[in-house]
2 protein chains.
Amino acid sequence: MTPPSDLARRADRRAAILEAAALEFAVRGYDATRAADVARRAGVASGTVFYHFGDKATLFREVFADDLPRARGLAEEARRLDDPVNAALHLVDGLAADVLVPGAPVLAAELVRRVGVDPELARVVAETDRITRGALAETIERGVRTGRFDPTLDPPTAAGLVLAMVDGLYLGADPEHDLRPALRRAVAAYLRSPDMTEEDDDRPT
Amino acid sequence: MTPPSDLARRADRRAAILEAAALEFAVRGYDATRAADVARRAGVASGTVFYHFGDKATLFREVFADDLPRARGLAEEARRLDDPVNAALHLVDGLAADVLVPGAPVLAAELVRRVGVDPELARVVAETDRITRGALAETIERGVRTGRFDPTLDPPTAAGLVLAMVDGLYLGADPEHDLRPALRRAVAAYLRSPDMTEEDDDRPT
DNA sequence: GTCTATACACCGATAGAC
DNA sequence: GTCTATCGGTGTATAGAC
């Protein structure tokens, strides 16, 4: 259980600020979110935010800190799935997991913009992208080789397109209509070998 | 030719400011772009920017002023194409026309964010979206009815997914790799009736 | 570690000369 | 119509008390 109080308290504070920051960034965007807003929502003073994170840019980066390990895990899982169709759809499901969380469109949009401004953030995002893109391209290549996918597909290009589809879902994200089932279907149709007319590619999440 | 000098000069100035604004917004984003930046690039004084556009929010909105008429024109063209496949791909081509212009990702991201902040902008974007989405859904419905498309497709949902794909292309936009050909292929594969194994859907831009 | 209070920089928008 | 000059509002980050 490790020493309870102080270390845990510190982590709690950090986590509270981080959660508040994610929420505020997601509704107001980066610039419009003031440190005071985050502090109020987290129930701390504005100075405390800076004590823990140094500056606002770092706070924003930390909101996305989990993405990289998550991407690694997802890539690993995909590699373990024998069927390329299942593997590709598993990647898509994992990447699109958060599309319906409120504020996702704004948060995604802000991420795109901040990447052009914050080189450290760009580095992390590029690495995450490299892993995801690699896993997807690898999966597609596997499908092409085994005849399950359209042999005229260029795996890196196809991977790029599938990733773009997922990104697009984040932008439009309407909580009323979950487009993820349609996305699965479209991805499957795009990748599938043209001569496999009938094939069941449904799979429970 | 209409009276040359003053009226034309005014329009030129406006256009110059608008072009400068689009460029600046596309690289720095909305908040980080100062009126002075736009003014400098346009070769005018900062006060002149406010004289022509009133405030920064209006300036940003005006950058997208062309989108609505463009959407109307595109929808009209699609309606005139008999073949649903050609019509759908024509819409996709038109919507994705600007993916490769430098700064497109940031501009697209900023648009998403500003829509949540500027109700007037939201109104215009919603109207543009309504037109595009309607034309696409209508086209898909036509394709389903005539047996060219997958009969299990729900036209509004499918339209939403196709629009999301296009949006996704704007986000990732890498000038090195034009994903639009892959997009055309994916859209065609997604919509196409599963029992039409062999079909030529290529068409010059 | 966390708070309060504030210094300092910055930028949108305006006023008024030309 | 366009410029120069400036003001007011705002928000990051820090300094120092507790």
# chains A, B, ... in the order shown; residues from 1 in each chain; ligands from 1

$ residues_around --residues "Ala96 of chain B" --least-positions-apart "2" --cutoff "12 Å" --atoms "only C-alpha atoms (C1' of nucleotides)" --output "PDB file with N, CA, C and O atoms, in the first residue's frame"
ATOM      1  N   ALA B  71     -21.024  25.166 -52.107  1.00  0.00           N
ATOM      2  CA  ALA B  71     -21.756  23.951 -51.758  1.00  0.00           C
ATOM      3  C   ALA B  71     -23.031  23.835 -52.587  1.00  0.00           C
ATOM      4  O   ALA B  71     -23.361  22.761 -53.096  1.00  0.00           O
ATOM      5  N   LEU B  74     -22.138  22.790 -56.098  1.00  0.00           N
ATOM      6  CA  LEU B  74     -21.717  21.391 -56.125  1.00  0.00           C
ATOM      7  C   LEU B  74     -22.921  20.456 -56.049  1.00  0.00           C
ATOM      8  O   LEU B  74     -23.018  19.472 -56.792  1.00  0.00           O
ATOM      9  N   LEU B  89     -19.150  10.486 -56.300  1.00  0.00           N
ATOM     10  CA  LEU B  89     -17.716  10.774 -56.388  1.00  0.00           C
ATOM     11  C   LEU B  89     -17.468  12.232 -56.769  1.00  0.00           C
ATOM     12  O   LEU B  89     -16.471  12.823 -56.344  1.00  0.00           O
ATOM     13  N   HIS B  90     -18.370  12.798 -57.512  1.00  0.00           N
ATOM     14  CA  HIS B  90     -18.228  14.216 -57.847  1.00  0.00           C
ATOM     15  C   HIS B  90     -18.357  15.071 -56.595  1.00  0.00           C
ATOM     16  O   HIS B  90     -17.591  16.023 -56.397  1.00  0.00           O
ATOM     17  N   LEU B  91     -19.294  14.717 -55.748  1.00  0.00           N
ATOM     18  CA  LEU B  91     -19.444  15.436 -54.475  1.00  0.00           C
ATOM     19  C   LEU B  91     -18.187  15.290 -53.631  1.00  0.00           C
ATOM     20  O   LEU B  91     -17.670  16.267 -53.077  1.00  0.00           O
ATOM     21  N   VAL B  92     -17.694  14.071 -53.541  1.00  0.00           N
ATOM     22  CA  VAL B  92     -16.484  13.828 -52.750  1.00  0.00           C
ATOM     23  C   VAL B  92     -15.316  14.642 -53.309  1.00  0.00           C
ATOM     24  O   VAL B  92     -14.587  15.299 -52.561  1.00  0.00           O
ATOM     25  N   ASP B  93     -15.163  14.619 -54.621  1.00  0.00           N
ATOM     26  CA  ASP B  93     -14.070  15.381 -55.236  1.00  0.00           C
ATOM     27  C   ASP B  93     -14.188  16.864 -54.913  1.00  0.00           C
ATOM     28  O   ASP B  93     -13.208  17.526 -54.566  1.00  0.00           O
ATOM     29  N   GLY B  94     -15.389  17.379 -55.048  1.00  0.00           N
ATOM     30  CA  GLY B  94     -15.602  18.805 -54.785  1.00  0.00           C
ATOM     31  C   GLY B  94     -15.318  19.173 -53.342  1.00  0.00           C
ATOM     32  O   GLY B  94     -14.657  20.173 -53.053  1.00  0.00           O
ATOM     33  N   ASP B  98      -9.808  21.088 -51.585  1.00  0.00           N
ATOM     34  CA  ASP B  98      -8.786  21.937 -50.970  1.00  0.00           C
ATOM     35  C   ASP B  98      -7.858  21.219 -50.003  1.00  0.00           C
ATOM     36  O   ASP B  98      -7.072  21.873 -49.318  1.00  0.00           O
ATOM     37  N   VAL B  99      -7.945  19.906 -49.938  1.00  0.00           N
ATOM     38  CA  VAL B  99      -7.156  19.202 -48.910  1.00  0.00           C
ATOM     39  C   VAL B  99      -5.671  19.495 -48.964  1.00  0.00           C
ATOM     40  O   VAL B  99      -4.997  19.461 -47.944  1.00  0.00           O
ATOM     41  N   LEU B 100      -5.178  19.781 -50.146  1.00  0.00           N
ATOM     42  CA  LEU B 100      -3.721  19.937 -50.246  1.00  0.00           C
ATOM     43  C   LEU B 100      -3.236  21.376 -50.103  1.00  0.00           C
ATOM     44  O   LEU B 100      -2.034  21.612 -50.126  1.00  0.00           O
ATOM     45  N   VAL B 101      -4.143  22.312 -49.959  1.00  0.00           N
ATOM     46  CA  VAL B 101      -3.644  23.683 -49.773  1.00  0.00           C
ATOM     47  C   VAL B 101      -2.942  23.765 -48.421  1.00  0.00           C
ATOM     48  O   VAL B 101      -3.430  23.234 -47.429  1.00  0.00           O
ATOM     49  N   ALA B 104      -4.234  23.760 -44.553  1.00  0.00           N
ATOM     50  CA  ALA B 104      -5.618  23.282 -44.502  1.00  0.00           C
ATOM     51  C   ALA B 104      -5.964  22.591 -43.179  1.00  0.00           C
ATOM     52  O   ALA B 104      -7.048  22.824 -42.641  1.00  0.00           O
ATOM     53  N   ALA B 108      -8.979  23.937 -40.861  1.00  0.00           N
ATOM     54  CA  ALA B 108     -10.126  23.070 -40.598  1.00  0.00           C
ATOM     55  C   ALA B 108     -10.340  22.914 -39.101  1.00  0.00           C
ATOM     56  O   ALA B 108     -11.470  22.977 -38.604  1.00  0.00           O
ATOM     57  N   VAL B 162     -19.452   9.345 -45.101  1.00  0.00           N
ATOM     58  CA  VAL B 162     -18.648   9.835 -46.218  1.00  0.00           C
ATOM     59  C   VAL B 162     -18.132  11.254 -45.923  1.00  0.00           C
ATOM     60  O   VAL B 162     -16.965  11.569 -46.168  1.00  0.00           O
ATOM     61  N   LEU B 163     -18.997  12.086 -45.357  1.00  0.00           N
ATOM     62  CA  LEU B 163     -18.554  13.433 -44.991  1.00  0.00           C
ATOM     63  C   LEU B 163     -17.445  13.370 -43.950  1.00  0.00           C
ATOM     64  O   LEU B 163     -16.468  14.129 -44.014  1.00  0.00           O
ATOM     65  N   ALA B 164     -17.572  12.455 -43.004  1.00  0.00           N
ATOM     66  CA  ALA B 164     -16.537  12.308 -41.984  1.00  0.00           C
ATOM     67  C   ALA B 164     -15.211  11.892 -42.616  1.00  0.00           C
ATOM     68  O   ALA B 164     -14.143  12.365 -42.228  1.00  0.00           O
ATOM     69  N   MET B 165     -15.285  11.031 -43.613  1.00  0.00           N
ATOM     70  CA  MET B 165     -14.056  10.623 -44.309  1.00  0.00           C
ATOM     71  C   MET B 165     -13.372  11.838 -44.935  1.00  0.00           C
ATOM     72  O   MET B 165     -12.158  12.002 -44.827  1.00  0.00           O
ATOM     73  N   VAL B 166     -14.172  12.653 -45.591  1.00  0.00           N
ATOM     74  CA  VAL B 166     -13.606  13.843 -46.230  1.00  0.00           C
ATOM     75  C   VAL B 166     -12.974  14.761 -45.188  1.00  0.00           C
ATOM     76  O   VAL B 166     -11.844  15.235 -45.350  1.00  0.00           O
ATOM     77  N   ASP B 167     -13.694  14.988 -44.098  1.00  0.00           N
ATOM     78  CA  ASP B 167     -13.147  15.818 -43.029  1.00  0.00           C
ATOM     79  C   ASP B 167     -11.823  15.257 -42.525  1.00  0.00           C
ATOM     80  O   ASP B 167     -10.886  16.003 -42.251  1.00  0.00           O
ATOM     81  N   GLY B 168     -11.771  13.965 -42.395  1.00  0.00           N
ATOM     82  CA  GLY B 168     -10.558  13.329 -41.917  1.00  0.00           C
ATOM     83  C   GLY B 168      -9.370  13.608 -42.819  1.00  0.00           C
ATOM     84  O   GLY B 168      -8.256  13.805 -42.363  1.00  0.00           O
ATOM     85  N   LEU B 169      -9.642  13.667 -44.103  1.00  0.00           N
ATOM     86  CA  LEU B 169      -8.571  13.962 -45.047  1.00  0.00           C
ATOM     87  C   LEU B 169      -7.985  15.356 -44.815  1.00  0.00           C
ATOM     88  O   LEU B 169      -6.780  15.570 -44.962  1.00  0.00           O
ATOM     89  N   TYR B 170      -8.827  16.290 -44.451  1.00  0.00           N
ATOM     90  CA  TYR B 170      -8.343  17.642 -44.175  1.00  0.00           C
ATOM     91  C   TYR B 170      -7.427  17.666 -42.965  1.00  0.00           C
ATOM     92  O   TYR B 170      -6.429  18.386 -42.941  1.00  0.00           O
ATOM     93  N   LEU B 171      -7.763  16.869 -41.975  1.00  0.00           N
ATOM     94  CA  LEU B 171      -6.982  16.894 -40.744  1.00  0.00           C
ATOM     95  C   LEU B 171      -5.568  16.401 -40.938  1.00  0.00           C
ATOM     96  O   LEU B 171      -4.619  16.976 -40.438  1.00  0.00           O
ATOM     97  N   ALA B 173      -3.954  15.759 -43.854  1.00  0.00           N
ATOM     98  CA  ALA B 173      -3.357  16.304 -45.066  1.00  0.00           C
ATOM     99  C   ALA B 173      -1.831  16.391 -45.124  1.00  0.00           C
ATOM    100  O   ALA B 173      -1.233  17.306 -44.599  1.00  0.00           O
ATOM    101  N   ASP B 178      -1.081  12.329 -51.566  1.00  0.00           N
ATOM    102  CA  ASP B 178      -2.457  12.710 -51.835  1.00  0.00           C
ATOM    103  C   ASP B 178      -3.357  11.492 -51.639  1.00  0.00           C
ATOM    104  O   ASP B 178      -3.272  10.530 -52.397  1.00  0.00           O
ATOM    105  N   LEU B 179      -4.196  11.544 -50.620  1.00  0.00           N
ATOM    106  CA  LEU B 179      -5.036  10.386 -50.317  1.00  0.00           C
ATOM    107  C   LEU B 179      -6.360  10.404 -51.068  1.00  0.00           C
ATOM    108  O   LEU B 179      -7.186   9.508 -50.896  1.00  0.00           O
ATOM    109  N   ARG B 180      -6.559  11.400 -51.915  1.00  0.00           N
ATOM    110  CA  ARG B 180      -7.864  11.502 -52.551  1.00  0.00           C
ATOM    111  C   ARG B 180      -8.205  10.328 -53.464  1.00  0.00           C
ATOM    112  O   ARG B 180      -9.353   9.853 -53.458  1.00  0.00           O
ATOM    113  N   PRO B 181      -7.238   9.810 -54.229  1.00  0.00           N
ATOM    114  CA  PRO B 181      -7.569   8.620 -55.022  1.00  0.00           C
ATOM    115  C   PRO B 181      -8.012   7.458 -54.127  1.00  0.00           C
ATOM    116  O   PRO B 181      -8.989   6.758 -54.434  1.00  0.00           O
ATOM    117  N   LEU B 183      -9.369   7.734 -51.262  1.00  0.00           N
ATOM    118  CA  LEU B 183     -10.691   8.091 -50.732  1.00  0.00           C
ATOM    119  C   LEU B 183     -11.790   7.719 -51.720  1.00  0.00           C
ATOM    120  O   LEU B 183     -12.804   7.118 -51.344  1.00  0.00           O
ATOM    121  N   ARG B 184     -11.578   8.062 -52.983  1.00  0.00           N
ATOM    122  CA  ARG B 184     -12.564   7.718 -54.017  1.00  0.00           C
ATOM    123  C   ARG B 184     -12.836   6.211 -54.023  1.00  0.00           C
ATOM    124  O   ARG B 184     -13.979   5.765 -54.088  1.00  0.00           O
ATOM    125  N   THR B 205     -10.735  13.576 -63.196  1.00  0.00           N
ATOM    126  CA  THR B 205     -11.170  14.713 -62.388  1.00  0.00           C
ATOM    127  C   THR B 205     -11.582  15.855 -63.300  1.00  0.00           C
ATOM    128  O   THR B 205     -12.302  16.712 -62.962  1.00  0.00           O
TER     129      THR B 205
END

$ interface_residues --of "chain B" --to "chain D" --cutoff "8 Å" --atoms "only C-alpha atoms (C1' of nucleotides)" --output "mmCIF file with N, CA and C atoms, in the first residue's frame"
data_model
loop_
_atom_site.group_PDB
_atom_site.id
_atom_site.type_symbol
_atom_site.label_atom_id
_atom_site.label_comp_id
_atom_site.auth_asym_id
_atom_site.auth_seq_id
_atom_site.Cartn_x
_atom_site.Cartn_y
_atom_site.Cartn_z
ATOM 1 N N ALA B 45 -2.295 49.140 -42.611
ATOM 2 C CA ALA B 45 -2.156 49.382 -41.173
ATOM 3 C C ALA B 45 -3.215 48.580 -40.420
ATOM 4 N N GLY B 47 -5.301 49.367 -38.189
ATOM 5 C CA GLY B 47 -6.605 50.030 -38.117
ATOM 6 C C GLY B 47 -7.462 49.742 -39.335
ATOM 7 N N THR B 48 -6.819 49.617 -40.484
ATOM 8 C CA THR B 48 -7.545 49.370 -41.737
ATOM 9 C C THR B 48 -8.297 48.034 -41.702
#

$ interface_residues --of "chain C" --to "chain A" --cutoff "9 Å" --atoms "only C-alpha atoms (C1' of nucleotides)" --output "list in words"
DG1, DT2, DC3 and DT4 of chain C

$ write_last_selection --atoms "all heavy atoms" --output "tab-separated table (two decimals), in the first residue's frame"
chain	number	residue	atom	x	y	z
C	1	DG	P	5.51	17.36	-1.55
C	1	DG	OP1	6.30	17.31	-2.77
C	1	DG	OP2	6.00	17.69	-0.22
C	1	DG	O5'	4.25	18.26	-1.83
C	1	DG	C5'	4.23	19.68	-1.72
C	1	DG	C4'	2.83	20.02	-1.31
C	1	DG	O4'	2.88	21.12	-0.41
C	1	DG	C3'	1.94	20.45	-2.46
C	1	DG	O3'	0.62	20.24	-2.01
C	1	DG	C2'	2.26	21.92	-2.56
C	1	DG	C1'	2.45	22.31	-1.09
C	1	DG	N9	3.48	23.32	-0.83
C	1	DG	C8	4.71	23.46	-1.41
C	1	DG	N7	5.41	24.46	-0.93
C	1	DG	C5	4.58	25.02	0.04
C	1	DG	C6	4.77	26.12	0.91
C	1	DG	O6	5.76	26.87	1.01
C	1	DG	N1	3.65	26.34	1.73
C	1	DG	C2	2.52	25.56	1.72
C	1	DG	N2	1.56	25.90	2.58
C	1	DG	N3	2.33	24.53	0.92
C	1	DG	C4	3.39	24.32	0.11
C	2	DT	P	-0.62	20.38	-3.09
C	2	DT	OP1	-1.64	19.39	-2.73
C	2	DT	OP2	-0.03	20.37	-4.44
C	2	DT	O5'	-1.24	21.81	-2.81
C	2	DT	C5'	-1.87	22.05	-1.54
C	2	DT	C4'	-2.05	23.54	-1.33
C	2	DT	O4'	-0.77	24.17	-1.11
C	2	DT	C3'	-2.67	24.29	-2.50
C	2	DT	O3'	-3.99	24.69	-2.15
C	2	DT	C2'	-1.75	25.48	-2.74
C	2	DT	C1'	-0.92	25.53	-1.47
C	2	DT	N1	0.44	26.10	-1.65
C	2	DT	C2	0.82	27.19	-0.89
C	2	DT	O2	0.09	27.71	-0.08
C	2	DT	N3	2.08	27.67	-1.14
C	2	DT	C4	2.99	27.16	-2.05
C	2	DT	O4	4.10	27.69	-2.18
C	2	DT	C5	2.54	26.02	-2.80
C	2	DT	C7	3.44	25.40	-3.81
C	2	DT	C6	1.30	25.54	-2.57
C	3	DC	P	-4.82	25.64	-3.07
C	3	DC	OP1	-6.25	25.34	-2.90
C	3	DC	OP2	-4.23	25.62	-4.42
C	3	DC	O5'	-4.53	27.06	-2.41
C	3	DC	C5'	-5.04	27.35	-1.12
C	3	DC	C4'	-4.56	28.72	-0.66
C	3	DC	O4'	-3.12	28.73	-0.75
C	3	DC	C3'	-5.05	29.85	-1.56
C	3	DC	O3'	-6.01	30.66	-0.91
C	3	DC	C2'	-3.81	30.66	-1.91
C	3	DC	C1'	-2.69	30.01	-1.17
C	3	DC	N1	-1.53	29.82	-2.08
C	3	DC	C2	-0.43	30.69	-1.96
C	3	DC	O2	-0.47	31.58	-1.10
C	3	DC	N3	0.62	30.54	-2.80
C	3	DC	C4	0.61	29.57	-3.73
C	3	DC	N4	1.68	29.45	-4.52
C	3	DC	C5	-0.49	28.67	-3.86
C	3	DC	C6	-1.54	28.84	-3.03
C	4	DT	P	-6.78	31.76	-1.81
C	4	DT	OP1	-8.15	31.84	-1.28
C	4	DT	OP2	-6.54	31.46	-3.23
C	4	DT	O5'	-6.03	33.12	-1.49
C	4	DT	C5'	-5.35	33.38	-0.28
C	4	DT	C4'	-4.62	34.71	-0.39
C	4	DT	O4'	-3.32	34.49	-1.00
C	4	DT	C3'	-5.30	35.77	-1.25
C	4	DT	O3'	-5.11	37.04	-0.63
C	4	DT	C2'	-4.59	35.66	-2.59
C	4	DT	C1'	-3.17	35.27	-2.17
C	4	DT	N1	-2.43	34.43	-3.17
C	4	DT	C2	-1.14	34.77	-3.48
C	4	DT	O2	-0.56	35.72	-3.02
C	4	DT	N3	-0.53	33.92	-4.40
C	4	DT	C4	-1.09	32.80	-5.00
C	4	DT	O4	-0.45	32.13	-5.79
C	4	DT	C5	-2.47	32.52	-4.60
C	4	DT	C7	-3.15	31.34	-5.19
C	4	DT	C6	-3.06	33.33	-3.72

$ interface_residues --of "chain B" --to "chain A" --cutoff "8 Å" --atoms "only C-alpha atoms" --output "VMD selection string"
chain B and resid 27 to 29 31 105 to 106 108 to 110 112 to 113 117 157 to 158 160 to 161 164 to 169 171 to 172 177 179 182 to 183 185 to 187 189 to 190 194 to 195 197

$ residues_around --residues "segment 8-14 of chain C" --least-positions-apart "2" --cutoff "8 Å" --atoms "only C-alpha atoms (C1' of nucleotides)" --output "count of residues only"
4

$ select_by_dssp --residues "chain A" --states "alpha helix (DSSP H)" --output "JSON, numbers by chain"
{"A": [5, 6, 7, 8, 9, 10, 11, 12, 13, 14, 15, 16, 17, 18, 19, 20, 21, 22, 23, 24, 25, 26, 27, 28, 35, 36, 37, 38, 39, 40, 41, 42, 46, 47, 48, 49, 50, 51, 52, 53, 56, 57, 58, 59, 60, 61, 62, 63, 67, 68, 69, 70, 71, 72, 73, 74, 75, 76, 77, 78, 79, 80, 84, 85, 86, 87, 88, 89, 90, 91, 92, 93, 94, 95, 104, 105, 106, 107, 108, 109, 110, 111, 112, 113, 114, 115, 119, 120, 121, 122, 123, 124, 125, 126, 127, 128, 129, 130, 131, 132, 133, 134, 135, 136, 137, 138, 139, 140, 141, 142, 143, 144, 145, 155, 156, 157, 158, 159, 160, 161, 162, 163, 164, 165, 166, 167, 168, 169, 170, 171, 172, 180, 181, 182, 183, 184, 185, 186, 187, 188, 189, 190, 191]}

$ closest_residue --among "B:Leu136, B:Val124, B:Ile17, B:Ala159" --to "Arg61 of chain B" --atoms "only C-alpha atoms"
B:Val124

$ atom_distance --atom1 "atom CA of Ala36 of chain B" --atom2 "atom C1' of DA17 of chain C"
20.5 Å
